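Quick look at structure-v2.csv (CSV, N, CA and C atoms):
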```csv
chain,number,residue,atom,x,y,z
A,1,MET,N,-29.2,9.5,-29.9
A,1,MET,CA,-28.4,9.6,-28.6
A,1,MET,C,-27.3,8.5,-28.6
A,2,LYS,N,-27.6,7.3,-29.1
A,2,LYS,CA,-26.6,6.3,-29.1
A,2,LYS,C,-25.5,6.6,-30.1
A,3,HIS,N,-26.0,7.2,-31.2
A,3,HIS,CA,-25.0,7.6,-32.2
A,3,HIS,C,-24.0,8.6,-31.7
A,4,LEU,N,-24.4,9.5,-30.9
A,4,LEU,CA,-23.6,10.6,-30.3
A,4,LEU,C,-22.5,9.9,-29.4
A,5,GLN,N,-23.0,8.9,-28.6
A,5,GLN,CA,-22.0,8.3,-27.7
A,5,GLN,C,-21.0,7.5,-28.5
A,6,GLU,N,-21.4,6.9,-29.6
A,6,GLU,CA,-20.4,6.1,-30.4
A,6,GLU,C,-19.4,7.1,-31.0
A,7,ASP,N,-19.9,8.2,-31.5
A,7,ASP,CA,-19.0,9.2,-32.1
A,7,ASP,C,-18.0,9.7,-31.0
A,8,LYS,N,-18.5,9.9,-29.8
A,8,LYS,CA,-17.6,10.4,-28.7
A,8,LYS,C,-16.5,9.4,-28.4
A,9,LEU,N,-17.0,8.1,-28.4
A,9,LEU,CA,-16.0,7.0,-28.1
A,9,LEU,C,-15.0,6.9,-29.2
A,10,GLU,N,-15.4,7.0,-30.5
A,10,GLU,CA,-14.5,7.0,-31.6
A,10,GLU,C,-13.5,8.1,-31.5
A,11,ASN,N,-14.0,9.3,-31.1
A,11,ASN,CA,-13.1,10.4,-31.0
A,11,ASN,C,-12.0,10.2,-29.9
A,12,ASP,N,-12.5,9.7,-28.8
A,12,ASP,CA,-11.6,9.4,-27.7
A,12,ASP,C,-10.5,8.4,-28.1
A,13,LEU,N,-10.9,7.3,-28.8
A,13,LEU,CA,-10.0,6.3,-29.2
A,13,LEU,C,-9.0,6.8,-30.2
A,14,THR,N,-9.4,7.7,-31.1
A,14,THR,CA,-8.4,8.2,-32.0
A,14,THR,C,-7.4,9.2,-31.3
A,15,ILE,N,-7.9,9.9,-30.3
A,15,ILE,CA,-7.0,10.7,-29.5
A,15,ILE,C,-5.9,9.8,-28.8
A,16,PHE,N,-6.4,8.7,-28.3
A,16,PHE,CA,-5.4,7.8,-27.6
A,16,PHE,C,-4.5,7.1,-28.6
A,17,SER,N,-5.0,6.8,-29.8
A,17,SER,CA,-4.1,6.2,-30.7
A,17,SER,C,-3.0,7.2,-31.3
A,18,ASN,N,-3.3,8.4,-31.3
A,18,ASN,CA,-2.4,9.4,-31.8
A,18,ASN,C,-1.4,9.9,-30.8
A,19,MET,N,-1.5,9.5,-29.5
A,19,MET,CA,-0.6,9.9,-28.5
A,19,MET,C,0.8,9.2,-28.7
A,20,LYS,N,1.8,9.9,-28.4
A,20,LYS,CA,3.2,9.4,-28.5
A,20,LYS,C,3.7,9.0,-27.2
A,21,GLU,N,4.6,8.0,-27.2
A,21,GLU,CA,5.2,7.5,-25.9
A,21,GLU,C,6.2,8.5,-25.4
A,22,VAL,N,6.2,8.8,-24.1
A,22,VAL,CA,7.1,9.7,-23.6
A,22,VAL,C,8.3,8.9,-22.9
A,23,GLY,N,9.5,9.2,-23.3
A,23,GLY,CA,10.6,8.5,-22.8
A,23,GLY,C,11.1,9.1,-21.5
A,24,SER,N,11.9,8.4,-20.8
A,24,SER,CA,12.6,8.9,-19.6
A,24,SER,C,14.1,9.0,-19.8
A,25,PRO,N,14.7,9.9,-19.0
A,25,PRO,CA,16.2,10.0,-19.2
A,25,PRO,C,16.9,8.7,-18.9
A,26,ASN,N,18.0,8.5,-19.5
A,26,ASN,CA,18.8,7.2,-19.3
A,26,ASN,C,19.1,6.9,-17.8
A,27,PHE,N,19.4,8.0,-17.1
A,27,PHE,CA,19.9,7.8,-15.7
A,27,PHE,C,18.7,7.5,-14.7
A,28,PHE,N,17.5,7.7,-15.2
A,28,PHE,CA,16.4,7.5,-14.3
A,28,PHE,C,16.3,6.1,-13.7
A,29,TYR,N,16.4,5.1,-14.6
A,29,TYR,CA,16.3,3.7,-14.1
A,29,TYR,C,17.5,3.3,-13.2
A,30,THR,N,18.6,3.8,-13.5
A,30,THR,CA,19.8,3.4,-12.6
A,30,THR,C,19.6,4.1,-11.3
A,31,ARG,N,19.2,5.3,-11.2
A,31,ARG,CA,19.0,6.0,-9.9
A,31,ARG,C,17.9,5.3,-9.1
A,32,LEU,N,16.8,4.9,-9.8
A,32,LEU,CA,15.7,4.3,-9.2
A,32,LEU,C,16.1,2.9,-8.6
A,33,SER,N,16.8,2.1,-9.4
A,33,SER,CA,17.2,0.8,-8.9
A,33,SER,C,18.2,1.0,-7.7
A,34,ALA,N,19.1,2.0,-7.7
A,34,ALA,CA,20.0,2.2,-6.6
A,34,ALA,C,19.2,2.6,-5.4
A,35,ARG,N,18.2,3.4,-5.5
A,35,ARG,CA,17.4,3.9,-4.4
A,35,ARG,C,16.7,2.7,-3.8
A,36,MET,N,16.1,1.8,-4.6
A,36,MET,CA,15.4,0.7,-4.2
A,36,MET,C,16.3,-0.3,-3.5
A,37,GLU,N,17.5,-0.5,-3.9
A,37,GLU,CA,18.5,-1.3,-3.3
A,37,GLU,C,18.9,-0.8,-1.9
A,38,ASP,N,19.1,0.5,-1.8
A,38,ASP,CA,19.4,1.1,-0.5
A,38,ASP,C,18.3,0.9,0.5
A,39,GLU,N,17.0,1.0,0.0
A,39,GLU,CA,15.9,0.8,1.0
A,39,GLU,C,15.8,-0.6,1.4
A,40,SER,N,16.0,-1.6,0.5
A,40,SER,CA,15.9,-3.0,0.9
A,40,SER,C,17.0,-3.4,1.9
A,41,ILE,N,18.2,-2.8,1.7
A,41,ILE,CA,19.3,-3.1,2.7
A,41,ILE,C,19.0,-2.5,4.0
A,42,SER,N,18.5,-1.3,4.0
A,42,SER,CA,18.2,-0.6,5.3
A,42,SER,C,17.1,-1.4,6.0
A,43,ARG,N,16.1,-1.9,5.3
A,43,ARG,CA,15.0,-2.6,6.0
A,43,ARG,C,15.5,-3.9,6.6
A,44,VAL,N,16.4,-4.6,5.9
A,44,VAL,CA,17.0,-5.9,6.5
A,44,VAL,C,17.8,-5.6,7.7
A,45,THR,N,18.6,-4.6,7.7
A,45,THR,CA,19.4,-4.3,8.9
A,45,THR,C,18.6,-3.7,10.0
A,46,GLY,N,17.6,-2.9,9.7
A,46,GLY,CA,16.8,-2.3,10.7
A,46,GLY,C,15.9,-3.3,11.4
A,47,LEU,N,15.4,-4.2,10.7
A,47,LEU,CA,14.5,-5.2,11.3
A,47,LEU,C,15.3,-6.2,12.2
A,48,SER,N,16.6,-6.5,11.9
A,48,SER,CA,17.3,-7.4,12.6
A,48,SER,C,17.9,-6.8,13.9
A,49,ILE,N,18.1,-5.5,14.0
A,49,ILE,CA,18.6,-4.9,15.1
A,49,ILE,C,17.5,-4.6,16.2
A,50,ASN,N,16.4,-4.1,15.8
A,50,ASN,CA,15.3,-3.7,16.7
A,50,ASN,C,14.9,-4.8,17.6
A,51,PRO,N,14.6,-6.0,17.2
A,51,PRO,CA,14.2,-7.1,18.1
A,51,PRO,C,15.3,-7.4,19.1
A,52,ILE,N,16.6,-7.4,18.7
A,52,ILE,CA,17.7,-7.7,19.6
A,52,ILE,C,17.8,-6.6,20.7
A,53,LEU,N,17.6,-5.4,20.3
A,53,LEU,CA,17.7,-4.3,21.3
A,53,LEU,C,16.5,-4.4,22.3
A,54,GLY,N,15.3,-4.8,21.8
A,54,GLY,CA,14.2,-5.0,22.6
A,54,GLY,C,14.4,-6.1,23.6
A,55,LEU,N,14.9,-7.2,23.1
A,55,LEU,CA,15.1,-8.4,24.0
A,55,LEU,C,16.2,-8.0,25.1
A,56,CYS,N,17.2,-7.3,24.7
A,56,CYS,CA,18.3,-6.9,25.7
A,56,CYS,C,17.7,-6.0,26.7
A,57,ALA,N,16.9,-5.0,26.3
A,57,ALA,CA,16.3,-4.1,27.3
A,57,ALA,C,15.3,-4.8,28.2
A,58,LEU,N,14.5,-5.7,27.7
A,58,LEU,CA,13.6,-6.5,28.5
A,58,LEU,C,14.3,-7.4,29.5
A,59,SER,N,15.4,-8.1,29.1
A,59,SER,CA,16.1,-8.9,30.0
A,59,SER,C,16.8,-8.1,31.1
A,60,MET,N,17.3,-7.0,30.7
A,60,MET,CA,18.0,-6.1,31.8
A,60,MET,C,16.9,-5.6,32.8
A,61,PHE,N,15.8,-5.3,32.3
A,61,PHE,CA,14.7,-4.8,33.2
A,61,PHE,C,14.3,-6.0,34.1
A,62,LEU,N,14.1,-7.1,33.6
A,62,LEU,CA,13.7,-8.3,34.4
A,62,LEU,C,14.8,-8.6,35.4
A,63,PHE,N,16.1,-8.6,35.0
A,63,PHE,CA,17.2,-8.9,35.9
A,63,PHE,C,17.2,-7.9,37.1
A,64,ILE,N,17.2,-6.6,36.8
A,64,ILE,CA,17.2,-5.6,37.8
A,64,ILE,C,16.0,-5.7,38.7
A,65,ASN,N,14.9,-6.0,38.2
A,65,ASN,CA,13.7,-6.1,38.9
A,65,ASN,C,13.8,-7.3,39.9
A,66,SER,N,14.3,-8.4,39.4
A,66,SER,CA,14.4,-9.6,40.3
A,66,SER,C,15.4,-9.3,41.4
A,67,LEU,N,16.5,-8.6,41.1
A,67,LEU,CA,17.5,-8.2,42.2
A,67,LEU,C,16.9,-7.3,43.2
A,68,LEU,N,16.1,-6.4,42.8
A,68,LEU,CA,15.5,-5.5,43.8
A,68,LEU,C,14.4,-6.2,44.7
A,69,ILE,N,13.7,-7.1,44.1
A,69,ILE,CA,12.7,-7.8,44.9
A,69,ILE,C,13.4,-8.8,45.8
A,70,GLU,N,14.4,-9.4,45.4
A,70,GLU,CA,15.1,-10.4,46.2
A,70,GLU,C,15.8,-9.8,47.4
A,71,LYS,N,16.5,-8.7,47.2
A,71,LYS,CA,17.2,-8.1,48.3
A,71,LYS,C,16.4,-7.2,49.2
A,72,ASP,N,15.1,-7.0,48.9
A,72,ASP,CA,14.2,-6.2,49.7
A,72,ASP,C,14.8,-4.8,49.9
A,73,THR,N,15.1,-4.1,48.9
A,73,THR,CA,15.7,-2.8,48.9
A,73,THR,C,14.7,-1.7,49.4
A,74,ASP,N,15.3,-0.5,49.5
A,74,ASP,CA,14.4,0.6,50.0
A,74,ASP,C,13.4,1.0,48.9
A,75,ILE,N,13.6,0.7,47.7
A,75,ILE,CA,12.6,1.0,46.6
A,75,ILE,C,11.4,0.2,46.8
A,76,VAL,N,11.6,-1.1,47.2
A,76,VAL,CA,10.4,-2.0,47.4
A,76,VAL,C,9.8,-1.6,48.7
A,77,LYS,N,10.5,-1.3,49.7
A,77,LYS,CA,10.0,-1.0,51.0
A,77,LYS,C,9.2,0.3,51.1
A,78,SER,N,9.5,1.2,50.2
A,78,SER,CA,8.9,2.5,50.2
A,78,SER,C,7.4,2.6,50.1
A,79,ASN,N,6.8,1.5,49.6
A,79,ASN,CA,5.3,1.5,49.4
A,79,ASN,C,4.7,0.9,50.6
A,80,THR,N,4.8,1.6,51.7
A,80,THR,CA,4.2,1.2,53.0
A,80,THR,C,2.8,1.7,53.0
A,81,ASP,N,2.0,1.2,54.0
A,81,ASP,CA,0.6,1.6,54.1
A,81,ASP,C,0.5,3.1,54.3
A,82,LYS,N,1.4,3.8,55.0
A,82,LYS,CA,1.3,5.2,55.2
A,82,LYS,C,1.3,6.0,53.8
A,83,HIS,N,2.2,5.6,53.0
A,83,HIS,CA,2.3,6.2,51.7
A,83,HIS,C,1.1,6.0,50.8
A,84,ILE,N,0.6,4.8,50.9
A,84,ILE,CA,-0.6,4.4,50.1
A,84,ILE,C,-1.8,5.2,50.6
A,85,GLU,N,-1.9,5.3,52.0
A,85,GLU,CA,-3.1,6.0,52.6
A,85,GLU,C,-3.0,7.5,52.3
A,86,ALA,N,-1.8,8.0,52.3
A,86,ALA,CA,-1.6,9.5,52.0
A,86,ALA,C,-2.0,9.7,50.5
A,87,LEU,N,-1.6,8.9,49.6
A,87,LEU,CA,-2.0,9.0,48.2
A,87,LEU,C,-3.5,8.9,48.0
A,88,ALA,N,-4.1,8.0,48.7
A,88,ALA,CA,-5.5,7.8,48.6
A,88,ALA,C,-6.3,9.0,49.2
A,89,ALA,N,-5.8,9.6,50.3
A,89,ALA,CA,-6.4,10.7,50.9
A,89,ALA,C,-6.3,12.0,50.0
A,90,GLU,N,-5.2,12.1,49.3
A,90,GLU,CA,-4.9,13.2,48.5
A,90,GLU,C,-5.9,13.2,47.3
A,91,TYR,N,-6.3,12.1,46.8
A,91,TYR,CA,-7.3,12.0,45.7
A,91,TYR,C,-8.7,11.6,46.2
A,92,ASP,N,-9.0,11.8,47.5
A,92,ASP,CA,-10.3,11.6,48.1
A,92,ASP,C,-10.8,10.2,47.8
A,93,GLN,N,-9.9,9.2,48.0
A,93,GLN,CA,-10.3,7.8,47.8
A,93,GLN,C,-10.2,7.1,49.1
A,94,THR,N,-10.9,5.9,49.1
A,94,THR,CA,-10.8,5.1,50.3
A,94,THR,C,-10.1,3.8,49.9
A,95,ILE,N,-9.4,3.2,50.9
A,95,ILE,CA,-8.8,1.9,50.6
A,95,ILE,C,-9.6,0.8,51.3
A,96,THR,N,-10.0,-0.2,50.6
A,96,THR,CA,-10.7,-1.3,51.2
A,96,THR,C,-9.8,-2.6,51.0
A,97,ASN,N,-9.8,-3.4,52.0
A,97,ASN,CA,-9.0,-4.6,51.9
A,97,ASN,C,-9.9,-5.8,51.7
```

Take the structure in the file and give it back as structure tokens.
Amino acid sequence: MKHLQEDKLENDLTIFSNMKEVGSPNFFYTRLSARMEDESISRVTGLSINPILGLCALSMFLFINSLLIEKDTDIVKSNTDKHIEALAAEYDQTITN
């Protein structure tokens, strides 16, 4: 049994040693390197823009929110007890204070 495994191993090794290397076309590496360079450039610009947009949106939201709360506008006043009680009654809930 051990002799059969050694013969199979020898057979597999000779198959691997007889294999020939397969080449790639000359333009393959230039196209690959160009594609990798494009991806690295897009990652750098994409990562630097997204946090800036997020910070701008968050600061605008906070600014508008502070203006609405400070001036006591209709949007803030619309949450009166009547509206909250109507919403609770619609969903069969009770309000406890």

Straight-line distance linking atom C of Asn50 (chain A) with atom N of Leu62 (chain A), stated in Å to one decimal: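 Distance reported for this atom pair: 16.2 Å.
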
Run DSSP on the backbone of this structure and report the residues of region 4-36 of chain A it assigns to helix (DSSP H, G or I), as a list in words.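 Put together, the selection reads Leu4, Gln5, Glu6, Asp7, Lys8, Leu9, Glu10, Asn11, Asp12, Leu13, Thr14, Ile15, Phe16, Ser17, Asn26, Phe27, Phe28, Tyr29, Thr30, Arg31, Leu32, Ser33, Ala34, Arg35 and Met36 of chain A.
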
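Our summary of the geometry notes that CA of Gln5 (chain A) is positioned 23.9 Å from atom N of Lys20 (chain A).
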
For atom C of Thr94 (chain A) and atom N of Asp81 (chain A), determine how far apart the two atoms are, in Å to one decimal place.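 These atoms are spaced 13.0 Å apart.
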